[in-house]
$ cat target_3.cif   # mmCIF, C-alpha atoms and all ligand atoms
data_upload
#
loop_
_atom_site.label_atom_id
_atom_site.label_comp_id
_atom_site.auth_asym_id
_atom_site.auth_seq_id
_atom_site.Cartn_x
_atom_site.Cartn_y
_atom_site.Cartn_z
CA MET B 429 67.87 9.98 -243.38
CA LYS B 430 66.36 7.28 -245.56
CA LEU B 431 68.16 4.21 -246.86
CA LEU B 432 67.15 1.81 -249.62
CA LEU B 433 67.40 -1.88 -248.67
CA CYS B 434 67.31 -4.18 -251.69
CA CYS B 435 65.60 -7.45 -250.74
CA GLU B 436 67.41 -9.26 -253.58
CA CYS B 437 71.05 -8.38 -252.93
CA GLN B 438 70.76 -6.98 -249.36
CA ASP B 439 72.62 -3.83 -250.44
CA VAL B 440 71.87 -0.70 -248.43
CA THR B 441 72.13 2.64 -250.24
CA LYS B 442 71.65 6.15 -248.88
CA LEU B 443 68.91 7.89 -250.86
CA LEU B 444 69.81 11.26 -252.37
CA SER B 445 68.14 13.67 -254.79
CA GLN B 446 69.88 11.83 -257.65
CA ASP B 447 68.54 8.37 -258.51
CA ARG B 448 70.73 5.66 -256.98
CA GLY B 449 70.57 1.93 -257.21
CA CYS B 450 71.66 -1.18 -255.40
CA ARG B 451 74.49 -3.49 -256.40
CA CYS B 452 72.29 -5.94 -258.35
CA GLY B 453 70.45 -3.13 -260.14
CA LYS B 454 66.92 -4.30 -259.33
CA SER B 455 66.13 -1.56 -256.81
CA HIS B 456 66.67 2.17 -256.94
CA GLY B 457 65.24 5.41 -255.68
CA LYS B 458 65.70 9.07 -254.85
CA TYR B 459 64.29 11.95 -252.84
CA VAL B 460 61.60 13.86 -254.75
CA THR B 461 61.14 16.45 -251.96
CA ASP B 462 63.13 16.98 -248.78
CA LYS B 463 60.91 14.40 -246.97
CA VAL B 464 59.47 12.15 -249.69
CA VAL B 465 61.31 9.39 -251.56
CA GLU B 466 60.35 7.45 -254.67
CA VAL B 467 61.58 3.85 -254.98
CA THR B 468 61.36 1.04 -257.51
CA GLY B 469 62.06 -2.66 -257.21
CA PRO B 470 62.10 -5.37 -254.56
CA CYS B 471 63.10 -3.07 -251.73
CA GLU B 472 62.19 -1.59 -248.39
CA VAL B 473 63.03 1.88 -247.11
CA LEU B 474 64.81 2.25 -243.79
CA GLY B 475 64.72 5.30 -241.58
CA LEU B 476 67.98 6.07 -239.79
CA ASP B 477 67.67 8.46 -236.88
CA ASN B 478 70.11 11.31 -237.44
CA ASN B 479 70.27 12.26 -233.74
CA THR B 480 71.34 8.85 -232.43
CA LEU B 481 73.70 8.45 -235.39
CA ASP B 482 75.40 11.81 -234.69
CA HIS B 483 75.55 11.03 -230.96
CA GLY B 484 76.96 7.57 -231.65
CA VAL B 485 79.70 8.90 -233.92
CA THR B 486 80.70 11.73 -231.59
CA THR B 487 80.75 9.51 -228.47
CA LEU B 488 82.33 6.44 -230.04
CA ASP B 489 85.53 6.81 -227.98
CA GLN B 490 83.42 6.61 -224.81
CA HIS B 491 82.21 3.11 -225.73
CA PRO B 492 85.35 0.94 -225.97
CA HIS B 493 83.48 -2.35 -225.42
CA GLY B 494 80.66 -1.93 -227.90
CA GLY B 495 79.45 0.83 -230.14
CA PRO B 496 76.70 3.16 -229.04
CA PRO B 497 73.24 2.17 -230.29
CA VAL B 498 71.75 3.86 -233.33
CA LEU B 499 68.01 3.86 -234.00
CA ALA B 500 66.82 2.56 -237.36
CA TRP B 501 63.46 1.21 -238.50
CA VAL B 502 61.71 -0.18 -241.55
CA ILE B 503 59.27 2.41 -242.89
CA PRO B 504 55.85 0.73 -243.24
CA ARG B 505 54.37 0.25 -246.69
CA GLY B 506 51.76 2.90 -247.37
CA ASN B 507 53.67 5.60 -245.51
CA PRO B 508 53.03 8.82 -247.46
CA ARG B 509 56.73 9.67 -247.42
CA VAL B 510 57.58 6.60 -249.52
CA ARG B 511 56.19 6.38 -253.05
CA ARG B 512 56.53 3.11 -254.91
CA VAL B 513 56.73 3.30 -258.67
CA SER B 514 57.19 0.57 -261.25
CA GLY B 515 59.39 0.64 -264.27
CA GLY B 516 63.00 1.03 -265.22
CA ARG B 517 65.42 3.86 -264.72
ZN ZN B 601 69.72 -5.30 -255.36
#
$ encode --input "target_3.cif" --output "structure tokens" --more "lines below"
Ligand SMILES: [Zn+2]
Amino acid sequence: MKLLLCCECQDVTKLLSQDRGCRCGKSHGKYVTDKVVEVTGPCEVLGLDNNTLDHGVTTLDQHPHGGPPVLAWVIPRGNPRVRRVSGGR
């Protein structure tokens, strides 16, 4: 899944097909296809690996001294699955 990280307010928001914004209102975005997102504002897009997230949630009880790791990364600028657009909502 893709998450919007606002560089102004540090809010992290899960991107959906409906436009969603951060707490300060400067960044927002949405999925425009099942793989491509469109974002606006001072933000970066994070990828969160669904497999390690699902595994981490389902095996949480097996890790009493520290949660299981989950893979996430910052999607590089210019990646074709992230479109940057200017303008308001
Ligand atoms: Zn913000």
$ atom_distance --input "target_3.cif" --atom1 "CA of Arg512 in chain B" --atom2 "CA of His456 in chain B"
10.4 Å
$ residues_near_ligand --input "target_3.cif" --ligand "ligand ZN 601 (chain B)" --cutoff "10 Å" --atoms "all atoms listed in the file" --output "MDAnalysis selection string"
chainID B and resid 432:441 449:456 469:471
$ closest_residue --input "target_3.cif" --among "B:Pro508, B:Gln446, B:Thr461, B:Met429" --to "Asp482 in chain B" --atoms "all atoms listed in the file"
B:Met429
$ residues_around --input "target_3.cif" --residues "Leu476 in chain B" --least-positions-apart "2" --cutoff "12 Å" --atoms "all atoms listed in the file" --output "count of residues only"
23
$ atom_distance --input "target_3.cif" --atom1 "CA of Leu444 in chain B" --atom2 "CA of Glu472 in chain B"
15.5 Å
$ closest_residue --input "target_3.cif" --among "B:Glu466, B:Gly475, B:His483, B:Ser445" --to "Pro504 in chain B" --atoms "all atoms listed in the file"
B:Gly475
$ atom_distance --input "target_3.cif" --atom1 "CA of Arg448 in chain B" --atom2 "CA of Val467 in chain B"
9.5 Å
$ closest_residue --input "target_3.cif" --among "B:Ser514, B:Val485, B:Asp447, B:Pro496" --to "Val465 in chain B" --atoms "all atoms listed in the file"
B:Asp447
$ build_atoms --input "target_3.cif" --residues "range 454-471 of chain B" --atoms "N, CA and C atoms" --output "mmCIF file, in the frame of the given file"
data_model
loop_
_atom_site.group_PDB
_atom_site.id
_atom_site.type_symbol
_atom_site.label_atom_id
_atom_site.label_comp_id
_atom_site.auth_asym_id
_atom_site.auth_seq_id
_atom_site.Cartn_x
_atom_site.Cartn_y
_atom_site.Cartn_z
ATOM 1 N N LYS B 454 68.376 -4.105 -259.301
ATOM 2 C CA LYS B 454 66.920 -4.300 -259.330
ATOM 3 C C LYS B 454 66.149 -3.247 -258.562
ATOM 4 N N SER B 455 66.816 -2.561 -257.625
ATOM 5 C CA SER B 455 66.130 -1.560 -256.810
ATOM 6 C C SER B 455 66.848 -0.228 -256.924
ATOM 7 N N HIS B 456 66.064 0.847 -256.945
ATOM 8 C CA HIS B 456 66.670 2.170 -256.940
ATOM 9 C C HIS B 456 65.660 3.195 -256.446
ATOM 10 N N GLY B 457 66.142 4.382 -256.169
ATOM 11 C CA GLY B 457 65.240 5.410 -255.680
ATOM 12 C C GLY B 457 65.956 6.720 -255.450
ATOM 13 N N LYS B 458 65.152 7.737 -255.073
ATOM 14 C CA LYS B 458 65.700 9.070 -254.850
ATOM 15 C C LYS B 458 64.696 9.889 -254.038
ATOM 16 N N TYR B 459 65.169 10.982 -253.474
ATOM 17 C CA TYR B 459 64.290 11.950 -252.840
ATOM 18 C C TYR B 459 63.628 12.788 -253.935
ATOM 19 N N VAL B 460 62.309 12.984 -253.821
ATOM 20 C CA VAL B 460 61.600 13.860 -254.750
ATOM 21 C C VAL B 460 61.229 15.187 -254.078
ATOM 22 N N THR B 461 61.204 15.213 -252.738
ATOM 23 C CA THR B 461 61.140 16.450 -251.960
ATOM 24 C C THR B 461 62.108 16.239 -250.802
ATOM 25 N N ASP B 462 62.183 17.180 -249.882
ATOM 26 C CA ASP B 462 63.130 16.980 -248.780
ATOM 27 C C ASP B 462 62.669 15.912 -247.791
ATOM 28 N N LYS B 463 61.417 15.447 -247.885
ATOM 29 C CA LYS B 463 60.910 14.400 -246.970
ATOM 30 C C LYS B 463 60.440 13.143 -247.690
ATOM 31 N N VAL B 464 60.113 13.246 -248.970
ATOM 32 C CA VAL B 464 59.470 12.150 -249.690
ATOM 33 C C VAL B 464 60.461 11.487 -250.644
ATOM 34 N N VAL B 465 60.467 10.135 -250.630
ATOM 35 C CA VAL B 465 61.310 9.390 -251.560
ATOM 36 C C VAL B 465 60.433 8.581 -252.508
ATOM 37 N N GLU B 466 61.006 8.263 -253.649
ATOM 38 C CA GLU B 466 60.350 7.450 -254.670
ATOM 39 C C GLU B 466 61.277 6.266 -254.926
ATOM 40 N N VAL B 467 60.742 5.036 -254.818
ATOM 41 C CA VAL B 467 61.580 3.850 -254.980
ATOM 42 C C VAL B 467 60.942 2.874 -255.959
ATOM 43 N N THR B 468 61.780 2.062 -256.559
ATOM 44 C CA THR B 468 61.360 1.040 -257.510
ATOM 45 C C THR B 468 62.104 -0.243 -257.206
ATOM 46 N N GLY B 469 61.397 -1.375 -257.348
ATOM 47 C CA GLY B 469 62.060 -2.660 -257.210
ATOM 48 C C GLY B 469 61.733 -3.375 -255.918
ATOM 49 N N PRO B 470 62.367 -4.544 -255.736
ATOM 50 C CA PRO B 470 62.100 -5.370 -254.560
ATOM 51 C C PRO B 470 62.870 -4.824 -253.351
ATOM 52 N N CYS B 471 62.342 -3.772 -252.773
ATOM 53 C CA CYS B 471 63.100 -3.070 -251.730
ATOM 54 C C CYS B 471 62.194 -2.620 -250.589
#
